[in-house]
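Everything below concerns the one structure shown next.
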Amino acid sequence: MKQVLILIYIYIFLPLTAQKAVIRIDPQTFISENYIGNGAQWDPYQLDYGKGKMTISEADWQKLYDRLDFMRPGFIRVMTNTLSHYSEQNTVPDKNLDILCNILDYYQSRQVTVMFGDWGGSMVDSRSGQIRETNLRKAAELVAWLYGQKGYTCIQYYNMINEPNGDWSATNTSYPLWASSIRFFYQELHNLQLTEHIRVVGPDAAIWDAKEAWWVENCAVELGEQIGLYDIHTYPSKSTVNSGEYSEIIRAYKEQVPAGQQIVMGEIGFKFVEKADSAYWNENIRRAEAKPYASVDDSQMFVYDHMYGTDMADALFQTMNEGYSGSIVWMLDDAMHSKEAPDKLKVWGFWNILGDEYFGEEEEKVRPWYYAWSLLCRYIPAGSTVCRTTVEGDKSLKAITVKKGDSYTLAVVNVSKEPKEITWLCDAFTTLIDCKYYLYSAGKLCTDK
């Protein structure tokens, strides 16, 4: 294998004969059960890129739905600004709902689990250290209206305030301020009789090393049952992930989660912040500067490369093997968010759905990593059990084994530049039947979506 992701979806599997690396599968030892799923972040689009408000055509909505149908995500994050959906003094949501409802309509119809939430800018005042009770109450009322009145029971989790441990966040690193907002919001959900249906997510911390694990510990000790799902965000370097160091970092957060509770990766993507990745960093900047609509400050220009798909698989396999119950990639579509200016987009997506209309025809095409991530959504379905899988003899190989009913998914990724030979070892199985074999590799992709 060479820079490839191989995924085998089978009912019963047989060890394959090879020489160097050994992959051992223990289908009787479970790393995690009731896996929530994998997916992507899909937020309402800004639609104004400096030259007047645009619309998404029906044809483009259908294209989005078709591409998502192929991917089959099991878990999605949707973030919005609560106040953008209310006219002044109005107690019922009445603004900017068409895009949001188109997104939620899709997930409701496909029974996809949604993590909904508010970015947090209007929910707290970091200068005074005070929560904004009126706005937090409106956030609870909005999700109650979406869940009850509109029937979006796909919303099962709520994420209040994005990355509260960051100095870019509404809370400006303040744990006490964030915790106060969670306590108040949870009580409002309880008053609306929603806490049995919608669980609050936390801490949603953005991490690069193990130093912020105390955020998870504090949630467990201080907030208890108010946190219904734990999550963090990671944007590791390629070198950190490919070396396996990533597993050690995220393990520190999983170890703080109370027994019986789940933790997920609420956002995941790659940033070349380590010295070992300096060549990738420089190339990323060069590409962003050369593309008229790319944010230089916040774009991942390697989404155009086959490599990003294998790296994302590497990160996911380590995340799953550390006991996480789902991963959401940042992000679905470039057209959602901008950074330095309205037309300077955060290029991180599988495509730009407004490419034909505004940003260039090539941008609307599907990028390679969509195919890798689609395999890892389709064949790691909600409700799966992750079995213990270990790789011996080669750190450039990572592997997972997933069970759902009587079926198994076995996947291995090679992130090196050299071919590898492997031996699969599993005492529990001796027969290979009904096997589907998938290969994600440069030059071998079906790119007709």
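Residue numbering restarts at 1 in every chain; chains get A, B, ... in the order shown in the structure tokens, and ligands count up from 1 in that same order.
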Looking only at the backbone, which of the residues in stretch 16-230 of chain A does DSSP tag as helix (DSSP H, G or I), as a ChimeraX atom specification?
/A:58-71,82-85,98-110,133-149,175-191,213-226
Residue neighbourhood A:Phe185, 9 Å, only C-alpha atoms, exclusion window fewer than 5 positions, as a ChimeraX atom specification
/A:133,136-137,139-140,160,180,190,200
Among listed residues A:Gly309, A:Pro342, A:Gly349, A:Gly266, nearest A:Leu445 (using only C-alpha atoms)
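Using only C-alpha atoms, the shortest distance to A:Leu445 belongs to A:Gly309.
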Nearest residue to A:Ala40 from the set A:Gly228, A:Pro27, A:Gly269, A:Pro236 (distances using only C-alpha atoms):
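Selected residue with least distance to A:Ala40: A:Gly269.
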When you look at A:Leu332 with a cut-off of 10 Å (counting only C-alpha atoms), what residues show up, excluding the ones that are within fewer than 4 positions of it in the same chain? I need them as a PyMOL selection string.
chain A and resi 39-43+64+68+76+328+336+347-353+370
Suppose we keep N, CA and C atoms; can you now write the selection as a PDB file, in the first residue's frame?
```
ATOM      1  N   GLY A  39     -19.515  12.542  10.469  1.00  0.00           N
ATOM      2  CA  GLY A  39     -20.174  13.465   9.549  1.00  0.00           C
ATOM      3  C   GLY A  39     -19.378  14.749   9.391  1.00  0.00           C
ATOM      4  N   ALA A  40     -20.070  15.832   9.065  1.00  0.00           N
ATOM      5  CA  ALA A  40     -19.419  17.111   8.793  1.00  0.00           C
ATOM      6  C   ALA A  40     -20.243  18.252   9.373  1.00  0.00           C
ATOM      7  N   GLN A  41     -19.609  19.394   9.511  1.00  0.00           N
ATOM      8  CA  GLN A  41     -20.324  20.592   9.962  1.00  0.00           C
ATOM      9  C   GLN A  41     -20.993  21.262   8.771  1.00  0.00           C
ATOM     10  N   TRP A  42     -22.300  21.503   8.907  1.00  0.00           N
ATOM     11  CA  TRP A  42     -23.069  22.157   7.836  1.00  0.00           C
ATOM     12  C   TRP A  42     -23.897  23.263   8.463  1.00  0.00           C
ATOM     13  N   ASP A  43     -23.420  24.508   8.328  1.00  0.00           N
ATOM     14  CA  ASP A  43     -24.077  25.667   8.925  1.00  0.00           C
ATOM     15  C   ASP A  43     -24.843  26.463   7.869  1.00  0.00           C
ATOM     16  N   LEU A  64     -26.573  19.111  -3.282  1.00  0.00           N
ATOM     17  CA  LEU A  64     -26.114  18.908  -1.908  1.00  0.00           C
ATOM     18  C   LEU A  64     -26.724  17.642  -1.310  1.00  0.00           C
ATOM     19  N   LEU A  68     -24.777  14.243  -0.103  1.00  0.00           N
ATOM     20  CA  LEU A  68     -24.912  13.765   1.277  1.00  0.00           C
ATOM     21  C   LEU A  68     -25.518  12.370   1.325  1.00  0.00           C
ATOM     22  N   ILE A  76     -24.038  15.124  12.628  1.00  0.00           N
ATOM     23  CA  ILE A  76     -23.801  16.414  11.985  1.00  0.00           C
ATOM     24  C   ILE A  76     -23.864  17.524  13.040  1.00  0.00           C
ATOM     25  N   ILE A 328     -16.815  14.815  13.705  1.00  0.00           N
ATOM     26  CA  ILE A 328     -17.417  15.739  12.749  1.00  0.00           C
ATOM     27  C   ILE A 328     -16.303  16.578  12.132  1.00  0.00           C
ATOM     28  N   MET A 336     -19.990  28.519   3.244  1.00  0.00           N
ATOM     29  CA  MET A 336     -20.665  28.820   4.514  1.00  0.00           C
ATOM     30  C   MET A 336     -20.070  30.024   5.235  1.00  0.00           C
ATOM     31  N   VAL A 347     -11.642  28.123   3.250  1.00  0.00           N
ATOM     32  CA  VAL A 347     -11.607  26.984   2.335  1.00  0.00           C
ATOM     33  C   VAL A 347     -11.202  25.743   3.127  1.00  0.00           C
ATOM     34  N   TRP A 348     -12.197  24.927   3.451  1.00  0.00           N
ATOM     35  CA  TRP A 348     -11.971  23.690   4.203  1.00  0.00           C
ATOM     36  C   TRP A 348     -12.872  22.558   3.708  1.00  0.00           C
ATOM     37  N   GLY A 349     -13.748  22.838   2.766  1.00  0.00           N
ATOM     38  CA  GLY A 349     -14.856  21.931   2.495  1.00  0.00           C
ATOM     39  C   GLY A 349     -14.585  20.845   1.473  1.00  0.00           C
ATOM     40  N   PHE A 350     -15.643  20.092   1.225  1.00  0.00           N
ATOM     41  CA  PHE A 350     -15.623  19.077   0.167  1.00  0.00           C
ATOM     42  C   PHE A 350     -15.852  19.711  -1.197  1.00  0.00           C
ATOM     43  N   TRP A 351     -16.360  20.970  -1.204  1.00  0.00           N
ATOM     44  CA  TRP A 351     -16.689  21.698  -2.430  1.00  0.00           C
ATOM     45  C   TRP A 351     -17.130  23.099  -2.049  1.00  0.00           C
ATOM     46  N   ASN A 352     -17.479  23.900  -3.053  1.00  0.00           N
ATOM     47  CA  ASN A 352     -18.140  25.188  -2.870  1.00  0.00           C
ATOM     48  C   ASN A 352     -19.377  25.170  -3.753  1.00  0.00           C
ATOM     49  N   ILE A 353     -20.542  25.091  -3.148  1.00  0.00           N
ATOM     50  CA  ILE A 353     -21.778  24.884  -3.906  1.00  0.00           C
ATOM     51  C   ILE A 353     -22.130  26.090  -4.770  1.00  0.00           C
ATOM     52  N   TYR A 370     -13.527  13.887   0.012  1.00  0.00           N
ATOM     53  CA  TYR A 370     -14.938  13.530   0.167  1.00  0.00           C
ATOM     54  C   TYR A 370     -15.141  12.026   0.052  1.00  0.00           C
TER      55      TYR A 370
END
```
Test item: residues at most 10 Å from A:Val391, only C-alpha atoms, excluding those fewer than 2 positions along its chain, as a ChimeraX atom specification
/A:21-25,389,393-400,412,422-424
Show which residues sit within 8 Å of A:Ser122, as a list in words. Count only C-alpha atoms, and ignore same-chain residues fewer than 6 positions away.
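Once the adjacent positions are removed, what remains is Asn81, Leu83, Arg132, Asn135 and Ala170 of chain A.
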Those residues you just picked out, can you put them in a file as a PDB file, in the first residue's frame with all heavy atoms?
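Output contents, as saved in result02.pdb:
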```pdb
ATOM      1  N   ASN A  81     -26.582  31.690  14.894  1.00  0.00           N
ATOM      2  CA  ASN A  81     -26.706  32.819  15.824  1.00  0.00           C
ATOM      3  C   ASN A  81     -28.185  32.973  16.146  1.00  0.00           C
ATOM      4  O   ASN A  81     -28.971  33.373  15.295  1.00  0.00           O
ATOM      5  CB  ASN A  81     -26.142  34.091  15.184  1.00  0.00           C
ATOM      6  CG  ASN A  81     -26.340  35.323  16.049  1.00  0.00           C
ATOM      7  OD1 ASN A  81     -26.854  35.239  17.163  1.00  0.00           O
ATOM      8  ND2 ASN A  81     -25.939  36.474  15.539  1.00  0.00           N
ATOM      9  N   LEU A  83     -30.085  35.063  17.710  1.00  0.00           N
ATOM     10  CA  LEU A  83     -30.770  36.346  17.521  1.00  0.00           C
ATOM     11  C   LEU A  83     -31.015  36.669  16.057  1.00  0.00           C
ATOM     12  O   LEU A  83     -31.891  37.477  15.744  1.00  0.00           O
ATOM     13  CB  LEU A  83     -29.970  37.468  18.192  1.00  0.00           C
ATOM     14  CG  LEU A  83     -29.786  37.353  19.709  1.00  0.00           C
ATOM     15  CD1 LEU A  83     -29.186  38.630  20.266  1.00  0.00           C
ATOM     16  CD2 LEU A  83     -31.106  37.038  20.417  1.00  0.00           C
ATOM     17  N   ARG A 132     -25.927  36.564  29.571  1.00  0.00           N
ATOM     18  CA  ARG A 132     -27.057  37.356  29.088  1.00  0.00           C
ATOM     19  C   ARG A 132     -28.295  36.464  29.133  1.00  0.00           C
ATOM     20  O   ARG A 132     -28.572  35.708  28.214  1.00  0.00           O
ATOM     21  CB  ARG A 132     -26.774  37.870  27.681  1.00  0.00           C
ATOM     22  CG  ARG A 132     -25.658  38.914  27.671  1.00  0.00           C
ATOM     23  CD  ARG A 132     -25.262  39.331  26.276  1.00  0.00           C
ATOM     24  NE  ARG A 132     -24.394  40.500  26.310  1.00  0.00           N
ATOM     25  CZ  ARG A 132     -23.450  40.779  25.432  1.00  0.00           C
ATOM     26  NH1 ARG A 132     -23.236  39.950  24.421  1.00  0.00           N
ATOM     27  NH2 ARG A 132     -22.708  41.853  25.533  1.00  0.00           N
ATOM     28  N   ASN A 135     -31.002  36.383  26.276  1.00  0.00           N
ATOM     29  CA  ASN A 135     -30.582  35.723  25.042  1.00  0.00           C
ATOM     30  C   ASN A 135     -30.441  34.213  25.220  1.00  0.00           C
ATOM     31  O   ASN A 135     -30.772  33.434  24.319  1.00  0.00           O
ATOM     32  CB  ASN A 135     -29.272  36.321  24.559  1.00  0.00           C
ATOM     33  CG  ASN A 135     -29.429  37.783  24.140  1.00  0.00           C
ATOM     34  OD1 ASN A 135     -30.541  38.275  23.997  1.00  0.00           O
ATOM     35  ND2 ASN A 135     -28.317  38.459  23.946  1.00  0.00           N
ATOM     36  N   ALA A 170     -16.396  33.748  22.679  1.00  0.00           N
ATOM     37  CA  ALA A 170     -17.223  34.727  23.402  1.00  0.00           C
ATOM     38  C   ALA A 170     -16.882  34.772  24.883  1.00  0.00           C
ATOM     39  O   ALA A 170     -17.029  35.813  25.531  1.00  0.00           O
ATOM     40  CB  ALA A 170     -18.704  34.378  23.218  1.00  0.00           C
TER      41      ALA A 170
END
```
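The residue that comes closest to A:Val366, out of A:Val303, A:Val386, A:Leu142, A:Ile182 and on the basis of only C-alpha atoms, is A:Val303.
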Do you have the atom CA of A:Lys417-atom CA of A:Met307 distance handy?
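One can read the atom CA of A:Lys417 to atom CA of A:Met307 distance as 10.6 Å.
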Taking only C-alpha atoms into account, which of A:Tyr358, A:Phe317, A:Phe75, A:Trp214 comes nearest A:Lys53?
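Looking at the shortest contact to A:Lys53, the residue is A:Tyr358.
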For a quick check of understanding, using only C-alpha atoms, which of A:Gly74, A:Asp356, A:Ser84, A:Val273 has the smallest distance to A:Ser57?
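Counting only C-alpha atoms, the residue closest to A:Ser57 is A:Asp356.
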Contacts of A:His197 within 12 Å, only C-alpha atoms, excl. fewer than 5 positions in-chain, as a compact mmCIF listing (two decimals) with N, CA and C atoms, in the first residue's frame:
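The result, written out as out-v8.txt:
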```txt
# COMPACT_ATOMS: atom_id res chain seq x y z
N VAL A 143 -34.61 26.37 20.13
CA VAL A 143 -34.48 24.93 19.95
C VAL A 143 -35.77 24.22 20.32
N ALA A 144 -36.51 24.76 21.27
CA ALA A 144 -37.81 24.18 21.62
C ALA A 144 -38.79 24.32 20.45
N TYR A 147 -37.66 21.87 17.71
CA TYR A 147 -37.90 20.49 18.08
C TYR A 147 -39.41 20.19 18.17
N GLY A 148 -40.15 21.09 18.83
CA GLY A 148 -41.57 20.83 19.08
C GLY A 148 -42.49 21.29 17.98
N TYR A 152 -38.36 18.87 14.38
CA TYR A 152 -36.99 18.44 14.10
C TYR A 152 -36.45 17.64 15.29
N THR A 153 -36.96 16.44 15.42
CA THR A 153 -36.51 15.56 16.50
C THR A 153 -35.12 15.00 16.22
N CYS A 154 -34.58 15.29 15.03
CA CYS A 154 -33.19 14.93 14.74
C CYS A 154 -32.22 15.68 15.64
N ILE A 155 -32.65 16.83 16.18
CA ILE A 155 -31.80 17.59 17.12
C ILE A 155 -31.79 16.85 18.45
N GLN A 156 -30.68 16.24 18.76
CA GLN A 156 -30.57 15.46 20.00
C GLN A 156 -29.53 16.03 20.96
N TYR A 157 -28.68 16.96 20.47
CA TYR A 157 -27.66 17.56 21.33
C TYR A 157 -27.62 19.06 21.09
N TYR A 158 -27.25 19.81 22.13
CA TYR A 158 -27.13 21.27 22.00
C TYR A 158 -25.75 21.71 22.47
N LEU A 189 -33.93 24.70 29.40
CA LEU A 189 -34.37 23.49 28.71
C LEU A 189 -35.25 22.64 29.61
N HIS A 190 -34.86 22.55 30.88
CA HIS A 190 -35.66 21.77 31.84
C HIS A 190 -37.05 22.39 31.99
N LEU A 192 -38.69 23.92 29.85
CA LEU A 192 -39.42 23.64 28.60
C LEU A 192 -39.63 22.15 28.38
N GLY A 228 -24.66 16.11 28.85
CA GLY A 228 -25.16 14.85 28.33
C GLY A 228 -24.26 14.21 27.30
```
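You will find atom CA of A:Asn218 at 28.6 Å from atom CA of A:Ala382.
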Interatomic distance (Å, one decimal) between atom CA of A:Asp167 and atom CA of A:Leu345
21.7 Å
Go through A:Tyr49, A:Tyr280, A:Trp168, A:Tyr107 one by one, measure the shortest atom-to-atom distance of each to A:Asp343 using only C-alpha atoms, and give the residue with the smallest value.
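Using only C-alpha atoms, the shortest distance to A:Asp343 belongs to A:Tyr49.
DSSP annotation of stretch 204-357 of chain A from backbone atoms: strand (DSSP E) residues are A:Asp204, A:Ala205, A:Ala206, A:Ile207, A:Leu229, A:Tyr230, A:Asp231, A:Ile232, A:His233, A:Thr234, A:Ile263, A:Val264, A:Met265, A:Gly266, A:Glu267, A:Ile268, A:Gly326, A:Ser327, A:Ile328, A:Val329.
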A:Asn96 environment, 12 Å, only C-alpha atoms, sequence neighbours closer than 6 positions dropped, as JSON, numbers by chain
{"A": [44, 45, 46, 47, 80, 81, 82, 83, 84, 85, 86, 87, 102]}
Output of the above residues as an mmCIF file, in the first residue's frame, restricted to N, CA and C atoms:
```cif
data_model
loop_
_atom_site.group_PDB
_atom_site.id
_atom_site.type_symbol
_atom_site.label_atom_id
_atom_site.label_comp_id
_atom_site.auth_asym_id
_atom_site.auth_seq_id
_atom_site.Cartn_x
_atom_site.Cartn_y
_atom_site.Cartn_z
ATOM 1 N N PRO A 44 -25.798 27.299 8.310
ATOM 2 C CA PRO A 44 -26.444 28.205 7.360
ATOM 3 C C PRO A 44 -25.413 29.084 6.646
ATOM 4 N N TYR A 45 -25.635 29.340 5.377
ATOM 5 C CA TYR A 45 -24.689 30.076 4.541
ATOM 6 C C TYR A 45 -24.824 31.578 4.764
ATOM 7 N N GLN A 46 -23.697 32.302 4.648
ATOM 8 C CA GLN A 46 -23.758 33.759 4.805
ATOM 9 C C GLN A 46 -24.430 34.405 3.595
ATOM 10 N N LEU A 47 -24.178 33.889 2.400
ATOM 11 C CA LEU A 47 -24.842 34.266 1.144
ATOM 12 C C LEU A 47 -24.570 35.686 0.656
ATOM 13 N N THR A 80 -25.513 28.221 14.698
ATOM 14 C CA THR A 80 -26.158 29.423 14.195
ATOM 15 C C THR A 80 -26.072 30.533 15.238
ATOM 16 N N ASN A 81 -26.582 31.690 14.894
ATOM 17 C CA ASN A 81 -26.706 32.819 15.824
ATOM 18 C C ASN A 81 -28.185 32.973 16.146
ATOM 19 N N THR A 82 -28.573 32.645 17.354
ATOM 20 C CA THR A 82 -29.982 32.636 17.748
ATOM 21 C C THR A 82 -30.693 33.926 17.384
ATOM 22 N N LEU A 83 -30.085 35.063 17.710
ATOM 23 C CA LEU A 83 -30.770 36.346 17.521
ATOM 24 C C LEU A 83 -31.015 36.669 16.057
ATOM 25 N N SER A 84 -30.271 36.041 15.157
ATOM 26 C CA SER A 84 -30.491 36.291 13.729
ATOM 27 C C SER A 84 -31.822 35.730 13.256
ATOM 28 N N HIS A 85 -32.476 34.918 14.080
ATOM 29 C CA HIS A 85 -33.756 34.306 13.703
ATOM 30 C C HIS A 85 -34.957 34.984 14.358
ATOM 31 N N TYR A 86 -34.724 36.103 15.047
ATOM 32 C CA TYR A 86 -35.811 36.825 15.711
ATOM 33 C C TYR A 86 -35.848 38.270 15.246
ATOM 34 N N SER A 87 -37.044 38.747 14.888
ATOM 35 C CA SER A 87 -37.234 40.183 14.730
ATOM 36 C C SER A 87 -37.245 40.825 16.110
ATOM 37 N N ASN A 102 -33.968 24.131 5.492
ATOM 38 C CA ASN A 102 -33.569 23.217 4.417
ATOM 39 C C ASN A 102 -32.535 22.214 4.914
#
```
